[in-house]
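Each remark here refers to the structure printed beneath this line.
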Amino acid sequence: MVYAAGAGSGYQYLPGVGQYSAGVVADPGHGIVRVRFPVPVPLRAAFGAAEKIIGGAGRPLTALCSWELRSPRPFTESSFTAFNAEYIALLDTWGVIGPDGANPVARSNVCPAAAPVPEPSAHAFAFTVPADTGTVQYVVSGSAESPEGLGDYRDHMVAYRDVSAGGLLAKVRFVTSAMKSRMEGLGVSGHPPRVVQVYTVHDVQSVLWDEVMSPLRCTDGLTWHPHRPPVLDLEYEMDCRTVGAEYLAGSGGIAR
């Protein structure tokens with residue numbers, strides 16, 4: 001079941017865990033705009049930049065619906081908890097966190113392997129705008145190969161520390177199932193994603209058509225990022241979306 005986000009948000013969310021919702025879908029009469037930074041921006045500075053961009057588009061901060069984060073290296077369970085507390089505190093200053101503590105904002109958080117970031121940073125964010133789109137627009141949060149909300153990741157990882165072909169296949173299948181489940185929960189399973197992003201340092205190309213693109217009915221291909229999931233021993237993550245417009249921050253393409 002989806003729930004309305006904050007006042008003026010323009011979207012509904014599928015509950016997830018404390019640090020992020022499972023995904024968001026734009027309200028009727030609204031679309032989603034995604035803004036990517038040319039290079040990852042340290043988190044607090046990224047919040048400042050996003051505040052100016054969202055405000056400049058004439059939208060309240062509660063219109064924020066998604067962050068795509070980058071971290072220097074995979075966290076331990078305890079350091080991930082500490083990072084999430086800092087991140088949630090930033091969202092709370094925007095009035096995004098509900099009075100019951102619910103976090104409606106979707107999120108992905110991965111660790112670039114080829115060009116590591118020196119500190120937790122943001123790659124992109126998204127927010128809603130009034131629009132007659134004619135399409136259902138949504139963002140599904142990133143999922144790795146472990147169920148969420150069970151207290152820890154390690155004790156519940158699929159094919160724990162198994163990066164054989166069989167182990168990777170099991171991980172991919174689990175994450176694809178999570179994507180489908182979240183899309184069903186958002187009510188968008190009849191609307192294939194326009195963008196699918198895969199994050200792993202392992203070779204999974206041979207299974208992507210049968211295990212990802214075909215089940216999600218993704219006809220536009222997908223993007224592979226040589227990044228690791230955010231917690232030690234997780235090996236594969238994925239997210240997906242259909243949004244109305246995408247801009248490069250600083251390009252001057254977003255207007256009120």
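Please note that chains go A, B, ... in the order of the structure tokens, that every chain numbers its residues from 1, and that ligands are numbered from 1 in the order shown.
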
Task: Picked from region 70-154 of chain A by DSSP as strand (DSSP E or B), as a list of chain:residue names - done: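 The strand (DSSP E or B) subset of region 70-154 of chain A is A:Arg70, A:Phe75, A:Ala106, A:Arg107, A:Ser108, A:Asn109, A:Val110, A:Cys111, A:Pro112, A:Ser121, A:Ala122, A:His123, A:Ala124, A:Phe125, A:Ala126, A:Phe127, A:Thr128, A:Val129, A:Pro130, A:Tyr138, A:Val139, A:Val140, A:Ser141, A:Gly142, A:Ser143, A:Ala144.
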
Open item on the list: Need the shell around Arg44 (chain A): protein/DNA/RNA residues with any atom at most 12 Å away, counting only C-alpha atoms. Skip same-chain ones fewer than 2 positions apart. Format as a VMD selection string?
Closed with: chain A and resid 40 to 42 46 to 51 69 86 to 91 93 119 to 122

For the residues in the current selection, export N, CA and C atoms as a compact mmCIF listing (two decimals), in the first residue's frame.
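That gives us selection-v4.txt:
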```txt
# COMPACT_ATOMS: atom_id res chain seq x y z
N PRO A 40 30.18 13.59 -8.48
CA PRO A 40 29.55 13.47 -7.16
C PRO A 40 29.91 14.64 -6.25
N VAL A 41 28.92 15.12 -5.52
CA VAL A 41 29.07 16.28 -4.65
C VAL A 41 28.95 15.83 -3.20
N PRO A 42 29.86 16.25 -2.30
CA PRO A 42 29.73 15.88 -0.89
C PRO A 42 28.31 16.13 -0.38
N ALA A 46 25.56 18.85 -1.50
CA ALA A 46 24.55 18.41 -2.45
C ALA A 46 23.15 18.80 -1.98
N PHE A 47 22.91 18.69 -0.68
CA PHE A 47 21.62 19.13 -0.14
C PHE A 47 21.44 20.63 -0.39
N GLY A 48 22.51 21.40 -0.21
CA GLY A 48 22.42 22.82 -0.45
C GLY A 48 22.13 23.14 -1.91
N ALA A 49 22.80 22.42 -2.81
CA ALA A 49 22.56 22.64 -4.24
C ALA A 49 21.15 22.23 -4.62
N ALA A 50 20.70 21.11 -4.08
CA ALA A 50 19.34 20.64 -4.39
C ALA A 50 18.29 21.61 -3.88
N GLU A 51 18.54 22.19 -2.71
CA GLU A 51 17.59 23.16 -2.16
C GLU A 51 17.40 24.34 -3.12
N LEU A 69 23.06 8.13 -4.01
CA LEU A 69 24.26 8.45 -3.23
C LEU A 69 25.45 7.63 -3.68
N GLU A 86 22.87 10.16 10.18
CA GLU A 86 23.25 11.50 9.71
C GLU A 86 22.42 11.90 8.49
N TYR A 87 22.21 10.97 7.59
CA TYR A 87 21.43 11.24 6.38
C TYR A 87 19.98 11.56 6.74
N ILE A 88 19.39 10.77 7.61
CA ILE A 88 18.00 11.02 8.01
C ILE A 88 17.88 12.38 8.69
N ALA A 89 18.88 12.76 9.47
CA ALA A 89 18.85 14.07 10.13
C ALA A 89 18.82 15.20 9.10
N LEU A 90 19.56 15.04 7.99
CA LEU A 90 19.53 16.04 6.93
C LEU A 90 18.13 16.13 6.32
N LEU A 91 17.53 14.99 6.04
CA LEU A 91 16.17 15.00 5.50
C LEU A 91 15.20 15.66 6.47
N THR A 93 15.70 18.06 8.51
CA THR A 93 15.78 19.53 8.49
C THR A 93 14.96 20.12 7.35
N GLU A 119 34.40 10.96 0.18
CA GLU A 119 33.47 11.04 1.30
C GLU A 119 32.06 10.79 0.77
N PRO A 120 31.12 10.49 1.66
CA PRO A 120 29.75 10.28 1.18
C PRO A 120 29.26 11.46 0.35
N SER A 121 28.74 11.15 -0.82
CA SER A 121 28.39 12.17 -1.80
C SER A 121 27.09 11.83 -2.49
N ALA A 122 26.62 12.75 -3.31
CA ALA A 122 25.41 12.53 -4.09
C ALA A 122 25.73 12.56 -5.57
```

- [ ] Point out the residue among A:Tyr11, A:Tyr153, A:Phe125, A:Trp224 with the least atom-to-atom distance to Arg70 (chain A), counting only C-alpha atoms.
- [x]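 Smallest separation from Arg70 (chain A) among the options: A:Phe125.
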
Task: Contacts of Ala85 (chain A) at 12 Å (only C-alpha atoms; same-chain gap of 5+ positions) as number ranges by chain - done: A: 18-20, 78-80, 90-92, 103

Given the selection you just returned, output its residues as a file containing C-alpha atoms, formatted as an mmCIF file, in the first residue's frame.
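Heads up, here's the output in result_13.cif:
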```cif
data_model
loop_
_atom_site.group_PDB
_atom_site.id
_atom_site.type_symbol
_atom_site.label_atom_id
_atom_site.label_comp_id
_atom_site.auth_asym_id
_atom_site.auth_seq_id
_atom_site.Cartn_x
_atom_site.Cartn_y
_atom_site.Cartn_z
ATOM 1 C CA GLY A 18 14.158 4.023 8.136
ATOM 2 C CA GLN A 19 16.772 5.279 5.687
ATOM 3 C CA TYR A 20 14.571 5.108 2.573
ATOM 4 C CA SER A 78 27.551 -0.357 12.506
ATOM 5 C CA SER A 79 29.089 2.368 10.338
ATOM 6 C CA PHE A 80 26.152 2.084 7.927
ATOM 7 C CA LEU A 90 19.529 16.041 6.931
ATOM 8 C CA LEU A 91 16.167 15.000 5.504
ATOM 9 C CA ASP A 92 14.495 15.957 8.758
ATOM 10 C CA ASN A 103 10.836 8.403 5.421
#
```

Task: For region 33-35 of chain A: contacts at 12 Å, only C-alpha atoms, fewer than 6 positions along chain excluded, given as a PyMOL selection string - done: chain A and resi 10+26+46+49-51+53-54+57+59+63-68+122-131+133+137-139+195+241-255

- [ ] List the neighbours of Tyr199 (chain A) out to 10 Å using only C-alpha atoms; skip same-chain residues closer than 2 positions along the sequence, and give me the result as a ChimeraX atom specification.
- [x] /A:109-112,142-144,197,201-202,223-229,235-239

- [ ] Could you please determine the separation between CA of Pro99 (chain A) and CA of Val188 (chain A) in Å, to one decimal place?
- [x] 27.1 Å

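Residue nearest Pro104 (chain A) within the list A:Ser141, A:Pro147, A:Ser206, A:Lys52: A:Ser141 [criterion: smallest interatomic distance, only C-alpha atoms].
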
- [ ] May I ask which of the residues A:Ile32, A:Ala82, A:Met1, A:Val25 is the closest one to His191 (chain A), counting only C-alpha atoms?
- [x]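 That would be A:Val25, the residue with the smallest distance to His191 (chain A).
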
Open item on the list: Show me, as number ranges by chain, the residues that have an atom within 10 Å of Leu216 (chain A) when counting only C-alpha atoms, minus same-chain residues fewer than 5 positions from it.
Closed with: A: 176-177, 179-180, 183, 189-193, 196, 209-211, 240
